[in-house]
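Take a look at the structure below.
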Amino acid sequence: MVTVDTAERATETRPRRRRGIRQTRGYRVFQVVNAIVLTLVVLVTLYPFVNIVARSMSEEAYIIAGQVNLVPRGFNLDTYRLVMSDSMFWTNYRNTVVYTVAATVISIVMTTCYAYVLSKKHLKGRSALVGIAVFTMFFSGGLIPNYVLVTSLGLKNSVWAIALPNAINVFNLLVMKAFFESLPVELEEAAAVDGLNTYGILLRIVLPLSKAIVATMVLFYAVAFWNSWFAAFLYMDRQELWPVTVYLRNLIAGATGAENVGAIAEANEVQAEATLKAVTIVLTTLPILLVYPFVQRYFVRGIMLGAVKG
């Protein structure tokens, strides 16, 4: 009885001691400082986007006077109607969706296959394959050789010019490789005993257990391809093949802004070119902002699973 009572008292005192440690003054100070720093980071991150949204809904005079900050001045949506009535904007928007989906699917397939192969320690030549992948992180052929290669392969003016040269991101490859290495080897051995071949093990055992890391890689690749403009600017000769990011780039650079401002003037809708750019930026980033919350729950878990092995 004495030993039991002693054990019970010991178990009762342990949580109290831990709670006392967690509620020390230093820890409370840390919590306050941490909350303040994170709040400042959030505010600094949100400010540019909120400012762009406010500018997109403001009139020219207030933007030129620098009076638009976080709240729209002279609220109107005329520029939104103008941009959304431009058929070329929607054509480029559709191109962006097609390019992003196709390129992301290709990248996920190739990255998954390559990472799964590299995760096998018994593979002959594994070190060489890893070295080749890592080498490309620091060295590349250069802009002109890449352009000559893509042109000679007949990939210009097609989605392949965007998808294939950037199909595998080495950082994503190494993260996915580390995740596959963390999976229990016994699962694959049991599946092999049951008669599954390599492809069956990958499709029926490994991938169902890899939803978090695959969703994270989908997010990484989709955002990268959605925001990409230079490859399309380099390899697309016709305006109807451009993604919306090139449309936005030309608008900001003044290549297409003049026609849009002229169209506004003809319609007696006095808006600044800055408003036009802000509206296009908002419409361009909106889909990614809407998709991100649905995959965010996989994001941190996928990165931690792929980056920490133990």
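Identifiers in the structure tokens: chain A, B, ... in order shown; residue index from 1 per chain; ligand index from 1 in order shown.
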Subject >> DSSP-assigned alpha helix (DSSP H) among region 142-198 of chain A, expressed as a VMD selection string >> reply: chain A and resid 143 to 152 160 to 163 170 to 182 185 to 193 198
Mind writing the picked residues with N, CA and C atoms as an mmCIF file, in the first residue's frame?
```cif
data_model
loop_
_atom_site.group_PDB
_atom_site.id
_atom_site.type_symbol
_atom_site.label_atom_id
_atom_site.label_comp_id
_atom_site.auth_asym_id
_atom_site.auth_seq_id
_atom_site.Cartn_x
_atom_site.Cartn_y
_atom_site.Cartn_z
ATOM 1 N N LEU A 143 21.168 30.096 -71.043
ATOM 2 C CA LEU A 143 19.956 30.500 -71.747
ATOM 3 C C LEU A 143 20.002 30.152 -73.222
ATOM 4 N N ILE A 144 21.096 30.489 -73.883
ATOM 5 C CA ILE A 144 21.174 30.269 -75.334
ATOM 6 C C ILE A 144 21.185 28.780 -75.683
ATOM 7 N N PRO A 145 21.989 27.934 -75.017
ATOM 8 C CA PRO A 145 21.910 26.498 -75.322
ATOM 9 C C PRO A 145 20.520 25.913 -75.074
ATOM 10 N N ASN A 146 19.845 26.355 -74.010
ATOM 11 C CA ASN A 146 18.489 25.874 -73.759
ATOM 12 C C ASN A 146 17.537 26.296 -74.870
ATOM 13 N N TYR A 147 17.669 27.511 -75.315
ATOM 14 C CA TYR A 147 16.807 27.995 -76.402
ATOM 15 C C TYR A 147 17.062 27.216 -77.684
ATOM 16 N N VAL A 148 18.334 26.987 -77.991
ATOM 17 C CA VAL A 148 18.668 26.219 -79.198
ATOM 18 C C VAL A 148 18.127 24.800 -79.103
ATOM 19 N N LEU A 149 18.253 24.187 -77.913
ATOM 20 C CA LEU A 149 17.765 22.821 -77.726
ATOM 21 C C LEU A 149 16.255 22.745 -77.900
ATOM 22 N N VAL A 150 15.518 23.634 -77.234
ATOM 23 C CA VAL A 150 14.055 23.613 -77.329
ATOM 24 C C VAL A 150 13.612 23.878 -78.764
ATOM 25 N N THR A 151 14.278 24.798 -79.433
ATOM 26 C CA THR A 151 13.912 25.115 -80.817
ATOM 27 C C THR A 151 14.213 23.948 -81.747
ATOM 28 N N SER A 152 15.368 23.326 -81.583
ATOM 29 C CA SER A 152 15.742 22.219 -82.466
ATOM 30 C C SER A 152 14.859 21.000 -82.265
ATOM 31 N N TRP A 160 4.866 21.904 -74.269
ATOM 32 C CA TRP A 160 6.073 21.137 -73.933
ATOM 33 C C TRP A 160 7.262 22.052 -73.674
ATOM 34 N N ALA A 161 7.301 23.219 -74.312
ATOM 35 C CA ALA A 161 8.405 24.152 -74.087
ATOM 36 C C ALA A 161 8.400 24.683 -72.657
ATOM 37 N N ILE A 162 7.241 24.686 -72.018
ATOM 38 C CA ILE A 162 7.130 25.147 -70.635
ATOM 39 C C ILE A 162 7.289 23.991 -69.659
ATOM 40 N N ALA A 163 6.702 22.840 -69.988
ATOM 41 C CA ALA A 163 6.636 21.726 -69.041
ATOM 42 C C ALA A 163 7.928 20.921 -68.967
ATOM 43 N N VAL A 170 14.927 19.977 -58.352
ATOM 44 C CA VAL A 170 15.807 19.113 -57.563
ATOM 45 C C VAL A 170 15.477 19.193 -56.074
ATOM 46 N N PHE A 171 15.127 20.374 -55.581
ATOM 47 C CA PHE A 171 14.755 20.481 -54.180
ATOM 48 C C PHE A 171 13.544 19.599 -53.871
ATOM 49 N N ASN A 172 12.508 19.683 -54.711
ATOM 50 C CA ASN A 172 11.328 18.836 -54.527
ATOM 51 C C ASN A 172 11.692 17.359 -54.635
ATOM 52 N N LEU A 173 12.607 17.056 -55.547
ATOM 53 C CA LEU A 173 13.050 15.673 -55.726
ATOM 54 C C LEU A 173 13.700 15.133 -54.454
ATOM 55 N N LEU A 174 14.580 15.909 -53.849
ATOM 56 C CA LEU A 174 15.284 15.446 -52.649
ATOM 57 C C LEU A 174 14.338 15.324 -51.454
ATOM 58 N N VAL A 175 13.366 16.236 -51.348
ATOM 59 C CA VAL A 175 12.390 16.140 -50.262
ATOM 60 C C VAL A 175 11.554 14.875 -50.409
ATOM 61 N N MET A 176 11.099 14.609 -51.629
ATOM 62 C CA MET A 176 10.281 13.411 -51.864
ATOM 63 C C MET A 176 11.117 12.146 -51.675
ATOM 64 N N LYS A 177 12.362 12.171 -52.075
ATOM 65 C CA LYS A 177 13.261 11.033 -51.870
ATOM 66 C C LYS A 177 13.409 10.727 -50.379
ATOM 67 N N ALA A 178 13.616 11.761 -49.571
ATOM 68 C CA ALA A 178 13.743 11.556 -48.124
ATOM 69 C C ALA A 178 12.457 10.982 -47.530
ATOM 70 N N PHE A 179 11.313 11.397 -48.049
ATOM 71 C CA PHE A 179 10.054 10.854 -47.551
ATOM 72 C C PHE A 179 9.933 9.367 -47.871
ATOM 73 N N PHE A 180 10.248 8.986 -49.108
ATOM 74 C CA PHE A 180 10.167 7.569 -49.484
ATOM 75 C C PHE A 180 11.123 6.724 -48.648
ATOM 76 N N GLU A 181 12.282 7.270 -48.319
ATOM 77 C CA GLU A 181 13.242 6.530 -47.507
ATOM 78 C C GLU A 181 12.736 6.314 -46.085
ATOM 79 N N SER A 182 11.840 7.201 -45.617
ATOM 80 C CA SER A 182 11.322 7.073 -44.254
ATOM 81 C C SER A 182 10.219 6.027 -44.138
ATOM 82 N N VAL A 185 10.465 -0.403 -44.788
ATOM 83 C CA VAL A 185 10.835 -1.325 -45.866
ATOM 84 C C VAL A 185 9.984 -2.589 -45.809
ATOM 85 N N GLU A 186 9.525 -2.961 -44.606
ATOM 86 C CA GLU A 186 8.757 -4.189 -44.445
ATOM 87 C C GLU A 186 7.453 -4.175 -45.245
ATOM 88 N N LEU A 187 6.881 -2.985 -45.438
ATOM 89 C CA LEU A 187 5.653 -2.894 -46.228
ATOM 90 C C LEU A 187 5.884 -3.344 -47.665
ATOM 91 N N GLU A 188 6.950 -2.882 -48.250
ATOM 92 C CA GLU A 188 7.248 -3.252 -49.632
ATOM 93 C C GLU A 188 7.662 -4.715 -49.722
ATOM 94 N N GLU A 189 8.394 -5.179 -48.727
ATOM 95 C CA GLU A 189 8.788 -6.590 -48.745
ATOM 96 C C GLU A 189 7.567 -7.494 -48.644
ATOM 97 N N ALA A 190 6.609 -7.137 -47.800
ATOM 98 C CA ALA A 190 5.388 -7.937 -47.677
ATOM 99 C C ALA A 190 4.591 -7.909 -48.972
ATOM 100 N N ALA A 191 4.532 -6.733 -49.624
ATOM 101 C CA ALA A 191 3.816 -6.636 -50.892
ATOM 102 C C ALA A 191 4.503 -7.466 -51.975
ATOM 103 N N ALA A 192 5.828 -7.481 -51.966
ATOM 104 C CA ALA A 192 6.557 -8.291 -52.952
ATOM 105 C C ALA A 192 6.303 -9.775 -52.719
ATOM 106 N N VAL A 193 6.224 -10.174 -51.451
ATOM 107 C CA VAL A 193 5.914 -11.573 -51.151
ATOM 108 C C VAL A 193 4.519 -11.945 -51.658
ATOM 109 N N THR A 198 7.316 -4.021 -58.980
ATOM 110 C CA THR A 198 7.743 -2.688 -58.548
ATOM 111 C C THR A 198 6.665 -1.645 -58.789
#
```
Subject >> Selection: 8 Å around region 47-57 of chain A, only C-alpha atoms, excl. self and same-chain fewer than 2 positions, as a count of residues only >> reply: 25
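The space separating CA of Val159 (chain A) from CA of Gln239 (chain A) comes to 14.1 Å.
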Original post:
In Å, how far is it from CA of Leu207 (chain A) to CA of Phe225 (chain A)?
Top reply: 23.2 Å
Subject >> Using only C-alpha atoms: which of A:Ala224, A:Trp242, A:Ile288, A:Asp78 has the shortest distance to Ser58 (chain A) >> reply: A:Asp78
Original post:
Using only C-alpha atoms, which residues sit within 12 Å of Val218 (chain A) once same-chain residues fewer than 6 positions away are excluded, as an NGL selection string?
Top reply: :A and (100-109 or 111-112 or 169 or 172 or 176 or 211-212 or 224-226 or 288 or 291-292 or 294-296 or 298-299 or 302)
May I have the residues from that selection written out with C-alpha atoms, as a CSV table (one decimal), in the first residue's frame?
```csv
chain,number,residue,atom,x,y,z
A,100,THR,CA,-0.2,24.7,-65.2
A,101,VAL,CA,-2.3,21.5,-65.1
A,102,ALA,CA,-0.3,19.8,-67.8
A,103,ALA,CA,3.1,20.8,-66.5
A,104,THR,CA,2.2,20.0,-62.9
A,105,VAL,CA,1.0,16.5,-63.9
A,106,ILE,CA,4.2,15.8,-65.9
A,107,SER,CA,6.4,17.1,-63.0
A,108,ILE,CA,4.6,15.1,-60.4
A,109,VAL,CA,4.9,11.9,-62.4
A,111,THR,CA,9.6,13.6,-59.8
A,112,THR,CA,7.8,10.7,-58.0
A,169,ASN,CA,12.8,20.6,-59.4
A,172,ASN,CA,11.3,18.8,-54.5
A,176,MET,CA,10.3,13.4,-51.9
A,211,LYS,CA,-0.8,11.8,-50.0
A,212,ALA,CA,0.7,14.6,-47.9
A,224,ALA,CA,5.7,27.8,-59.8
A,225,PHE,CA,4.1,27.1,-63.2
A,226,TRP,CA,1.2,29.5,-62.6
A,288,ILE,CA,-3.9,30.3,-56.3
A,291,VAL,CA,-6.8,26.7,-54.0
A,292,TYR,CA,-4.1,27.1,-51.3
A,294,PHE,CA,-7.5,23.3,-49.5
A,295,VAL,CA,-4.0,21.9,-49.6
A,296,GLN,CA,-2.5,23.9,-46.7
A,298,TYR,CA,-1.0,18.8,-46.2
A,299,PHE,CA,1.7,21.5,-46.6
A,302,GLY,CA,4.4,17.0,-46.1
```
I'd like the neighbourhood of Leu118 (chain A) as a PDB file with C-alpha atoms, in the first residue's frame, where a residue qualifies if any of its atoms comes within 7 Å (using only C-alpha atoms), though same-chain residues fewer than 3 positions away should be ignored.
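Final output, out.pdb:
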```
ATOM      1  CA  TYR A 114      12.831   9.553 -59.977  1.00  0.00           C
ATOM      2  CA  ALA A 115      12.559  10.030 -56.194  1.00  0.00           C
ATOM      3  CA  ARG A 126      22.345   5.373 -57.125  1.00  0.00           C
ATOM      4  CA  VAL A 130      21.856  11.587 -57.062  1.00  0.00           C
ATOM      5  CA  LYS A 177      13.261  11.033 -51.870  1.00  0.00           C
TER       6      LYS A 177
END
```
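Taking CA of Thr284 (chain A) and CA of Ala167 (chain A) as the two end points, the separation is 22.6 Å.
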**OP:** Find, counting only C-alpha atoms, the residue in A:Arg249, A:Arg94, A:Arg238, A:Arg28 that gets nearest to Asn157 (chain A).
**Re:** A:Arg238
Original post:
Skipping near chain neighbours, those fewer than 2 positions away, what residues fall within 12 Å of Tyr247 (chain A) using only C-alpha atoms, listed as a PyMOL selection string?
Top reply: chain A and resi 83+86-93+95-96+227-230+232-233+238-245+249-257+260+276-277+280-281+283-284
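Of the residues under consideration (A:Leu286, A:Ile36, A:Ile168, A:Leu202), A:Ile168 shows the shortest atom-to-atom contact distance to Thr136 (chain A) when counting only C-alpha atoms.
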